[in-house]
Amino acid sequence: MIEVLYEDNHLIIVNKKNGDIVQGDKTGDRTLAEDVKSYIKEKYNKPGDVFLGITHRLDRPTSGIVIFAKTSKALTRINKMFAEKEIHKTYLAIVDNAPPKTKDTITHYLVRNRKQNKSYANNKEVSDSKKASLTYEIKAKSDKYFLLEIQLHTGRHHQIRAQLSKINCKIKGDMKYNFPRSNPDGGICLHAYKTEFIHPVKKEVIKIIAKPPDDKLWNYFISTT
């Protein structure tokens, strides 16, 4: 079952569960895109293939908002909007340590290692690096963890995971980026929480919020913010 947050003739926006993969990779596992196509086909009794455009990706262990296009026109326009940074996304992350400041913008230079499927954050520009920038703010804390709200200024591979790990704010469950143990469900506590943009066809403001996974820690933090 998929959780649909918004749907019209042009777009369908869903709340991805951690562990779901947006589009196919070497694992050959069934994808979220296939599930969304099946949903559309069944709901509207569509014959033949269903068009579905993938506009962006979300890491497999991450949960939250994924925007798909239902028409080629919408896909072209949404892709342009992403390229021109006209789609605003807010993430939530549960981390193990408090960052240096309550709110700050941090910049690193990321080098992607494709064999390891991992990015390494550097404080200075190095060979093959790409500039990465985000703004974080502490929104809540528990006895062991801190809830950060994050705005991305660039869209690099594993950017939030790598940058937060670099400042010793490791995302709960993210063993790839130095958190000591996995979460029971295999996901990580990084969630694409909110998006806002002008609809590419209707030209009206779209604001979407996706509830984080239903577990004790997420529920605690959401209840306190």
# chains A, B, ... in the order shown; residues from 1 in each chain; ligands from 1
>>> select_by_dssp(residues="stretch 33-204 of chain A", states="strand (DSSP E or B)", output="ChimeraX atom specification")
/A:53-54,63-69,88-95,103-113,118-122,130-141,146-152,171,190-198
>>> write_last_selection(atoms="C-alpha atoms", output="PDB file, in the first residue's frame")
ATOM      1  CA  GLY A  53       7.856  10.381 -14.526  1.00  0.00           C
ATOM      2  CA  ILE A  54      10.455  10.192 -11.744  1.00  0.00           C
ATOM      3  CA  SER A  63      11.402   8.214   4.359  1.00  0.00           C
ATOM      4  CA  GLY A  64       9.159  11.038   3.204  1.00  0.00           C
ATOM      5  CA  ILE A  65       7.894  13.029   0.257  1.00  0.00           C
ATOM      6  CA  VAL A  66       8.476  11.851  -3.318  1.00  0.00           C
ATOM      7  CA  ILE A  67       6.965  13.757  -6.257  1.00  0.00           C
ATOM      8  CA  PHE A  68       6.036  11.868  -9.439  1.00  0.00           C
ATOM      9  CA  ALA A  69       4.710  13.329 -12.713  1.00  0.00           C
ATOM     10  CA  HIS A  88      11.511  23.970  -1.465  1.00  0.00           C
ATOM     11  CA  LYS A  89      12.026  20.873   0.674  1.00  0.00           C
ATOM     12  CA  THR A  90      12.383  20.601   4.434  1.00  0.00           C
ATOM     13  CA  TYR A  91      13.886  17.533   6.094  1.00  0.00           C
ATOM     14  CA  LEU A  92      13.840  16.287   9.676  1.00  0.00           C
ATOM     15  CA  ALA A  93      16.738  14.293  11.128  1.00  0.00           C
ATOM     16  CA  ILE A  94      17.203  12.657  14.516  1.00  0.00           C
ATOM     17  CA  VAL A  95      20.885  12.842  15.486  1.00  0.00           C
ATOM     18  CA  LYS A 103      20.979  27.264  13.986  1.00  0.00           C
ATOM     19  CA  ASP A 104      23.651  27.514  11.306  1.00  0.00           C
ATOM     20  CA  THR A 105      24.466  27.154   7.624  1.00  0.00           C
ATOM     21  CA  ILE A 106      27.266  24.699   6.955  1.00  0.00           C
ATOM     22  CA  THR A 107      29.283  24.207   3.779  1.00  0.00           C
ATOM     23  CA  HIS A 108      31.476  21.261   2.797  1.00  0.00           C
ATOM     24  CA  TYR A 109      33.003  19.819  -0.356  1.00  0.00           C
ATOM     25  CA  LEU A 110      31.705  16.331  -1.109  1.00  0.00           C
ATOM     26  CA  VAL A 111      33.542  13.611  -2.993  1.00  0.00           C
ATOM     27  CA  ARG A 112      31.387  10.705  -4.127  1.00  0.00           C
ATOM     28  CA  ASN A 113      32.768   7.155  -4.064  1.00  0.00           C
ATOM     29  CA  LYS A 118      29.090   6.924  -0.170  1.00  0.00           C
ATOM     30  CA  SER A 119      30.069  10.598  -0.118  1.00  0.00           C
ATOM     31  CA  TYR A 120      32.915  12.071   1.916  1.00  0.00           C
ATOM     32  CA  ALA A 121      32.689  15.625   3.285  1.00  0.00           C
ATOM     33  CA  ASN A 122      35.768  17.852   3.295  1.00  0.00           C
ATOM     34  CA  LYS A 130      31.322  19.430  -5.241  1.00  0.00           C
ATOM     35  CA  LYS A 131      30.229  22.243  -2.948  1.00  0.00           C
ATOM     36  CA  ALA A 132      27.398  21.286  -0.577  1.00  0.00           C
ATOM     37  CA  SER A 133      25.461  23.638   1.667  1.00  0.00           C
ATOM     38  CA  LEU A 134      22.566  23.262   4.104  1.00  0.00           C
ATOM     39  CA  THR A 135      20.966  25.115   7.003  1.00  0.00           C
ATOM     40  CA  TYR A 136      20.012  23.245  10.166  1.00  0.00           C
ATOM     41  CA  GLU A 137      18.086  24.250  13.266  1.00  0.00           C
ATOM     42  CA  ILE A 138      17.601  22.329  16.523  1.00  0.00           C
ATOM     43  CA  LYS A 139      13.833  21.916  16.972  1.00  0.00           C
ATOM     44  CA  ALA A 140      13.662  19.562  19.989  1.00  0.00           C
ATOM     45  CA  LYS A 141      15.696  17.219  22.162  1.00  0.00           C
ATOM     46  CA  PHE A 146      18.245  15.917  18.951  1.00  0.00           C
ATOM     47  CA  LEU A 147      15.705  16.742  16.248  1.00  0.00           C
ATOM     48  CA  LEU A 148      17.087  18.921  13.459  1.00  0.00           C
ATOM     49  CA  GLU A 149      15.118  20.719  10.761  1.00  0.00           C
ATOM     50  CA  ILE A 150      17.156  21.001   7.570  1.00  0.00           C
ATOM     51  CA  GLN A 151      16.917  23.147   4.455  1.00  0.00           C
ATOM     52  CA  LEU A 152      19.065  22.066   1.512  1.00  0.00           C
ATOM     53  CA  ILE A 171      21.750  10.261  12.025  1.00  0.00           C
ATOM     54  CA  LEU A 190      15.983  11.092   8.070  1.00  0.00           C
ATOM     55  CA  HIS A 191      12.606  12.194   6.719  1.00  0.00           C
ATOM     56  CA  ALA A 192      11.595  14.456   3.810  1.00  0.00           C
ATOM     57  CA  TYR A 193       8.959  16.258   5.824  1.00  0.00           C
ATOM     58  CA  LYS A 194       7.630  19.208   3.867  1.00  0.00           C
ATOM     59  CA  THR A 195       7.597  20.573   0.317  1.00  0.00           C
ATOM     60  CA  GLU A 196       6.283  23.785  -1.177  1.00  0.00           C
ATOM     61  CA  PHE A 197       6.156  24.885  -4.818  1.00  0.00           C
ATOM     62  CA  ILE A 198       4.006  26.475  -7.505  1.00  0.00           C
TER      63      ILE A 198
END
>>> residues_around(residues="A:Met175", least_positions_apart="3", cutoff="12 Å", atoms="only C-alpha atoms", output="VMD selection string")
chain A and resid 61 118 161 to 162 165 170 to 172 178 to 183 186 to 189
>>> write_last_selection(atoms="N, CA and C atoms", output="PDB file, in the first residue's frame")
ATOM      1  N   PRO A  61      17.055   4.136   2.586  1.00  0.00           N
ATOM      2  CA  PRO A  61      16.714   4.078   4.011  1.00  0.00           C
ATOM      3  C   PRO A  61      15.994   5.315   4.550  1.00  0.00           C
ATOM      4  N   LYS A 118      28.919   6.080  -1.346  1.00  0.00           N
ATOM      5  CA  LYS A 118      29.090   6.924  -0.170  1.00  0.00           C
ATOM      6  C   LYS A 118      29.747   8.232  -0.590  1.00  0.00           C
ATOM      7  N   ARG A 161      23.353  13.309   5.070  1.00  0.00           N
ATOM      8  CA  ARG A 161      23.994  12.243   5.851  1.00  0.00           C
ATOM      9  C   ARG A 161      25.489  12.524   6.029  1.00  0.00           C
ATOM     10  N   ALA A 162      26.146  12.893   4.935  1.00  0.00           N
ATOM     11  CA  ALA A 162      27.594  13.128   4.982  1.00  0.00           C
ATOM     12  C   ALA A 162      27.942  14.398   5.758  1.00  0.00           C
ATOM     13  N   SER A 165      27.270  13.959   9.579  1.00  0.00           N
ATOM     14  CA  SER A 165      28.283  13.078  10.157  1.00  0.00           C
ATOM     15  C   SER A 165      29.606  13.827  10.334  1.00  0.00           C
ATOM     16  N   LYS A 170      25.549  12.365  13.981  1.00  0.00           N
ATOM     17  CA  LYS A 170      25.253  11.188  13.172  1.00  0.00           C
ATOM     18  C   LYS A 170      23.760  10.860  13.247  1.00  0.00           C
ATOM     19  N   ILE A 171      23.182  10.566  12.095  1.00  0.00           N
ATOM     20  CA  ILE A 171      21.750  10.261  12.025  1.00  0.00           C
ATOM     21  C   ILE A 171      21.490   8.874  12.611  1.00  0.00           C
ATOM     22  N   LYS A 172      20.503   8.808  13.492  1.00  0.00           N
ATOM     23  CA  LYS A 172      20.185   7.539  14.164  1.00  0.00           C
ATOM     24  C   LYS A 172      19.918   6.442  13.125  1.00  0.00           C
ATOM     25  N   ASN A 178      28.531   6.294  10.165  1.00  0.00           N
ATOM     26  CA  ASN A 178      29.185   6.210  11.487  1.00  0.00           C
ATOM     27  C   ASN A 178      28.277   6.151  12.706  1.00  0.00           C
ATOM     28  N   PHE A 179      26.942   6.037  12.521  1.00  0.00           N
ATOM     29  CA  PHE A 179      26.141   5.742  13.707  1.00  0.00           C
ATOM     30  C   PHE A 179      26.427   4.282  14.085  1.00  0.00           C
ATOM     31  N   PRO A 180      26.557   3.968  15.390  1.00  0.00           N
ATOM     32  CA  PRO A 180      27.083   2.648  15.776  1.00  0.00           C
ATOM     33  C   PRO A 180      26.176   1.449  15.530  1.00  0.00           C
ATOM     34  N   ARG A 181      24.882   1.641  15.364  1.00  0.00           N
ATOM     35  CA  ARG A 181      23.999   0.472  15.174  1.00  0.00           C
ATOM     36  C   ARG A 181      22.822   0.843  14.265  1.00  0.00           C
ATOM     37  N   SER A 182      22.215  -0.176  13.699  1.00  0.00           N
ATOM     38  CA  SER A 182      21.089   0.052  12.791  1.00  0.00           C
ATOM     39  C   SER A 182      19.786   0.200  13.579  1.00  0.00           C
ATOM     40  N   ASN A 183      18.780   0.772  12.945  1.00  0.00           N
ATOM     41  CA  ASN A 183      17.434   0.779  13.501  1.00  0.00           C
ATOM     42  C   ASN A 183      16.785  -0.578  13.265  1.00  0.00           C
ATOM     43  N   GLY A 186      15.696  -1.167   9.774  1.00  0.00           N
ATOM     44  CA  GLY A 186      16.707  -1.022   8.728  1.00  0.00           C
ATOM     45  C   GLY A 186      16.768   0.355   8.105  1.00  0.00           C
ATOM     46  N   GLY A 187      15.846   1.243   8.471  1.00  0.00           N
ATOM     47  CA  GLY A 187      15.866   2.598   7.936  1.00  0.00           C
ATOM     48  C   GLY A 187      16.768   3.504   8.752  1.00  0.00           C
ATOM     49  N   ILE A 188      16.794   4.764   8.375  1.00  0.00           N
ATOM     50  CA  ILE A 188      17.516   5.767   9.159  1.00  0.00           C
ATOM     51  C   ILE A 188      16.535   6.885   9.512  1.00  0.00           C
ATOM     52  N   CYS A 189      16.858   7.645  10.547  1.00  0.00           N
ATOM     53  CA  CYS A 189      15.942   8.690  11.017  1.00  0.00           C
ATOM     54  C   CYS A 189      16.162  10.004  10.264  1.00  0.00           C
TER      55      CYS A 189
END
>>> atom_distance(atom1="atom CA of A:Asn117", atom2="atom CA of A:Leu164")
17.0 Å
>>> closest_residue(among="A:Val201, A:Pro99, A:Asp49, A:Asp59", to="A:Asp25", atoms="only C-alpha atoms")
A:Asp59
>>> atom_distance(atom1="atom CA of A:Ser142", atom2="atom CA of A:Ile208")
26.5 Å
>>> residues_around(residues="A:Thr76", least_positions_apart="4", cutoff="10 Å", atoms="only C-alpha atoms", output="list in words")
Gly53, Thr55, Ala69, Thr71, Ser72, Lys80, Met81 and Pro200 of chain A
>>> atom_distance(atom1="atom CA of A:Ser38", atom2="atom CA of A:Asp215")
27.8 Å
>>> closest_residue(among="A:Arg57, A:Lys73, A:Lys202, A:Lys124", to="A:Gly155", atoms="only C-alpha atoms")
A:Arg57
>>> closest_residue(among="A:Arg30, A:His158, A:Lys101, A:His56", to="A:Ile13", atoms="only C-alpha atoms")
A:His56
>>> select_by_dssp(residues="stretch 2-41 of chain A", states="alpha helix (DSSP H)", output="PyMOL selection string")
chain A and resi 32-41
>>> write_last_selection(atoms="C-alpha atoms", output="compact mmCIF listing (two decimals), in the first residue's frame")
# COMPACT_ATOMS: atom_id res chain seq x y z
CA LEU A 32 8.02 2.59 -5.41
CA ALA A 33 7.50 3.80 -9.00
CA GLU A 34 6.08 0.39 -9.92
CA ASP A 35 3.75 0.50 -6.91
CA VAL A 36 2.52 3.97 -7.88
CA LYS A 37 1.93 2.81 -11.48
CA SER A 38 -0.09 -0.14 -10.19
CA TYR A 39 -2.13 2.19 -7.97
CA ILE A 40 -2.94 4.49 -10.92
CA LYS A 41 -3.75 1.60 -13.24
